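Okay, my_file28.cif is below, mmCIF, C-alpha atoms:
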data_entry
loop_
_atom_site.label_atom_id
_atom_site.label_comp_id
_atom_site.auth_asym_id
_atom_site.auth_seq_id
_atom_site.Cartn_x
_atom_site.Cartn_y
_atom_site.Cartn_z
CA MET A 1183 0.00 0.00 0.00
CA THR A 1184 2.99 2.32 0.31
CA ALA A 1185 4.51 1.63 -3.11
CA GLY A 1186 3.88 4.44 -5.55
CA VAL A 1187 2.66 6.97 -2.99
CA GLU A 1188 3.60 10.58 -3.72
CA HIS A 1189 3.06 13.45 -1.30
CA VAL A 1190 1.55 16.68 -2.60
CA GLN A 1191 0.96 19.91 -0.70
CA VAL A 1192 -2.67 21.09 -0.96
CA GLU A 1193 -3.35 24.34 0.88
CA GLY A 1194 -0.48 23.61 3.25
CA VAL A 1195 -1.59 20.04 3.99
CA ASP A 1196 0.53 17.05 2.97
CA VAL A 1197 -1.75 14.76 0.94
CA PRO A 1198 -0.61 11.26 -0.07
CA ILE A 1199 -1.73 10.22 -3.58
CA TYR A 1200 -0.81 7.35 -5.86
CA GLY A 1201 1.38 8.17 -8.85
CA VAL A 1202 0.42 7.62 -12.48
CA ALA A 1203 2.39 4.38 -12.96
CA LYS A 1204 0.92 2.81 -9.82
CA THR A 1205 -2.58 3.88 -10.84
CA ILE A 1206 -2.19 2.24 -14.25
CA ALA A 1207 -0.96 -1.00 -12.67
CA ASP A 1208 -3.96 -0.88 -10.32
CA CYS A 1209 -6.28 -0.39 -13.33
CA PHE A 1210 -4.97 -3.62 -14.83
CA LYS A 1211 -5.23 -5.36 -11.46
CA HIS A 1212 -8.89 -4.37 -11.16
CA ARG A 1213 -9.73 -4.64 -14.87
CA ARG A 1214 -12.76 -6.86 -14.19
CA HIS A 1215 -14.36 -4.05 -12.21
CA ILE A 1216 -13.46 -1.06 -14.38
CA GLY A 1217 -13.07 -2.77 -17.76
CA GLU A 1218 -9.95 -3.76 -19.62
CA ASP A 1219 -10.58 -1.08 -22.24
CA VAL A 1220 -10.33 1.59 -19.53
CA ALA A 1221 -7.02 0.17 -18.31
CA ILE A 1222 -5.59 0.06 -21.84
CA GLU A 1223 -6.73 3.61 -22.58
CA ALA A 1224 -5.20 4.85 -19.31
CA LEU A 1225 -1.89 3.24 -20.25
CA ARG A 1226 -2.01 4.63 -23.79
CA ASP A 1227 -2.82 8.17 -22.62
CA ALA A 1228 -0.20 8.22 -19.86
CA LEU A 1229 2.55 7.11 -22.24
CA ARG A 1230 1.41 9.46 -25.01
CA LEU A 1231 1.32 12.45 -22.65
CA ARG A 1232 4.64 11.37 -21.08
CA LYS A 1233 3.17 11.24 -17.60
CA THR A 1234 5.10 8.02 -16.90
CA THR A 1235 7.55 5.63 -18.49
CA VAL A 1236 7.31 1.98 -19.49
CA SER A 1237 9.88 1.04 -16.85
CA ASP A 1238 7.88 2.73 -14.07
CA VAL A 1239 4.67 1.02 -15.16
CA MET A 1240 6.41 -2.36 -15.28
CA ARG A 1241 7.93 -1.84 -11.82
CA TYR A 1242 4.48 -1.37 -10.28
CA ALA A 1243 3.00 -4.09 -12.50
CA GLU A 1244 5.47 -6.53 -10.93
CA ILE A 1245 4.39 -5.38 -7.46
CA ASP A 1246 0.69 -5.79 -8.38
CA ARG A 1247 1.43 -9.11 -10.15
CA VAL A 1248 -0.05 -7.97 -13.50
CA ALA A 1249 3.17 -7.68 -15.53
CA GLU A 1250 2.21 -10.60 -17.77
CA ARG A 1251 -1.10 -8.87 -18.55
CA ILE A 1252 0.52 -5.50 -19.38
CA ARG A 1253 3.47 -6.75 -21.50
CA PRO A 1254 1.40 -7.67 -24.61
CA VAL A 1255 -0.45 -4.37 -24.44
CA LEU A 1256 2.83 -2.44 -24.27
CA LYS A 1257 4.17 -4.37 -27.27
CA ALA A 1258 1.03 -3.58 -29.23
CA LEU A 1259 1.29 0.12 -28.40
CA GLN A 1260 4.91 0.42 -29.55
#
What does this structure look like when you write it as structure tokens?
Amino acid sequence: MTAGVEHVQVEGVDVPIYGVAKTIADCFKHRRHIGEDVAIEALRDALRLRKTTVSDVMRYAEIDRVAERIRPVLKALQ
């Protein structure tokens, strides 16, 4: 639960939020609830907008145990 947490200051208060790469890995982990198309689109948009890198996504995918699910999608996007 602590992997991928970033701390942002909002009106002087330290707020912990999950980073983009961790959020994408979580989307693939919970793809049955949110839909696999949503997870793929999140990955595509984050890479296109350079919000994260492939290596960061794969690091959190390994933690969430979804690396084998993300690898073919990454190959298709490249």
Neighbours of Lys1233 in chain A within 12 Å (only C-alpha atoms; same-chain residues fewer than 2 positions away dropped), as an mmCIF file with C-alpha atoms, in the frame of the given file?
data_model
loop_
_atom_site.group_PDB
_atom_site.id
_atom_site.type_symbol
_atom_site.label_atom_id
_atom_site.label_comp_id
_atom_site.auth_asym_id
_atom_site.auth_seq_id
_atom_site.Cartn_x
_atom_site.Cartn_y
_atom_site.Cartn_z
ATOM 1 C CA GLY A 1201 1.380 8.170 -8.850
ATOM 2 C CA VAL A 1202 0.420 7.620 -12.480
ATOM 3 C CA ALA A 1203 2.390 4.380 -12.960
ATOM 4 C CA LYS A 1204 0.920 2.810 -9.820
ATOM 5 C CA THR A 1205 -2.580 3.880 -10.840
ATOM 6 C CA ILE A 1206 -2.190 2.240 -14.250
ATOM 7 C CA ALA A 1224 -5.200 4.850 -19.310
ATOM 8 C CA LEU A 1225 -1.890 3.240 -20.250
ATOM 9 C CA ARG A 1226 -2.010 4.630 -23.790
ATOM 10 C CA ASP A 1227 -2.820 8.170 -22.620
ATOM 11 C CA ALA A 1228 -0.200 8.220 -19.860
ATOM 12 C CA LEU A 1229 2.550 7.110 -22.240
ATOM 13 C CA ARG A 1230 1.410 9.460 -25.010
ATOM 14 C CA LEU A 1231 1.320 12.450 -22.650
ATOM 15 C CA THR A 1235 7.550 5.630 -18.490
ATOM 16 C CA VAL A 1236 7.310 1.980 -19.490
ATOM 17 C CA ASP A 1238 7.880 2.730 -14.070
ATOM 18 C CA VAL A 1239 4.670 1.020 -15.160
#
- Query: What does the distance between CA of Arg1241 in chain A and CA of Ala1207 in chain A come to in Å, to one decimal place?
  - Reply: 9.0 Å
- Item | Between CA of Ala1258 in chain A and CA of Tyr1200 in chain A - distance in Å to one decimal |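 Separation of CA of Tyr1200 in chain A and CA of Ala1258 in chain A: 25.9 Å.
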- Message: What does the structure give for the distance between CA of Val1220 in chain A and CA of Val1255 in chain A, in Å to one decimal?
- Response: 12.5 Å
- Which is closer to Ile1222 in chain A than all the others in A:Ala1185, A:Cys1209, A:Val1192, A:Val1248, using only C-alpha atoms?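 Using only C-alpha atoms, Ile1222 in chain A sits closest to A:Cys1209.
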- Message: Restricting the calculation to only C-alpha atoms: of A:Gly1217, A:Pro1198, A:Phe1210, A:Thr1184, which residue gets closest to Met1240 in chain A?
- Response: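 Of all the options, A:Phe1210 lies closest to Met1240 in chain A.
Comparing the minimum interatomic distances between Val1187 in chain A and each of A:Glu1223, A:Ile1216, A:Ile1199, A:Leu1256, counting all atoms listed in the file, we find that A:Ile1199 sits nearest.
The shortest atom-to-atom distance to Arg1253 in chain A, with all atoms listed in the file taken into account, belongs to A:Ser1237 out of A:His1212, A:Glu1188, A:Asp1219, A:Ser1237.
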If the box runs along x, y and z of the file and leaves 6 Å on each side of range 1235-1243 of chain A, what are its centre and edge lengths in Å, one decimal, as AutoDock Vina command-line options?
--center_x 6.4 --center_y 0.8 --center_z -14.9 --size_x 18.9 --size_y 21.7 --size_z 21.2
- Nearest to Ala1243 in chain A: which of A:Gly1186, A:Lys1257, A:Gln1191, A:Glu1218 is it, counting only C-alpha atoms? A:Gly1186
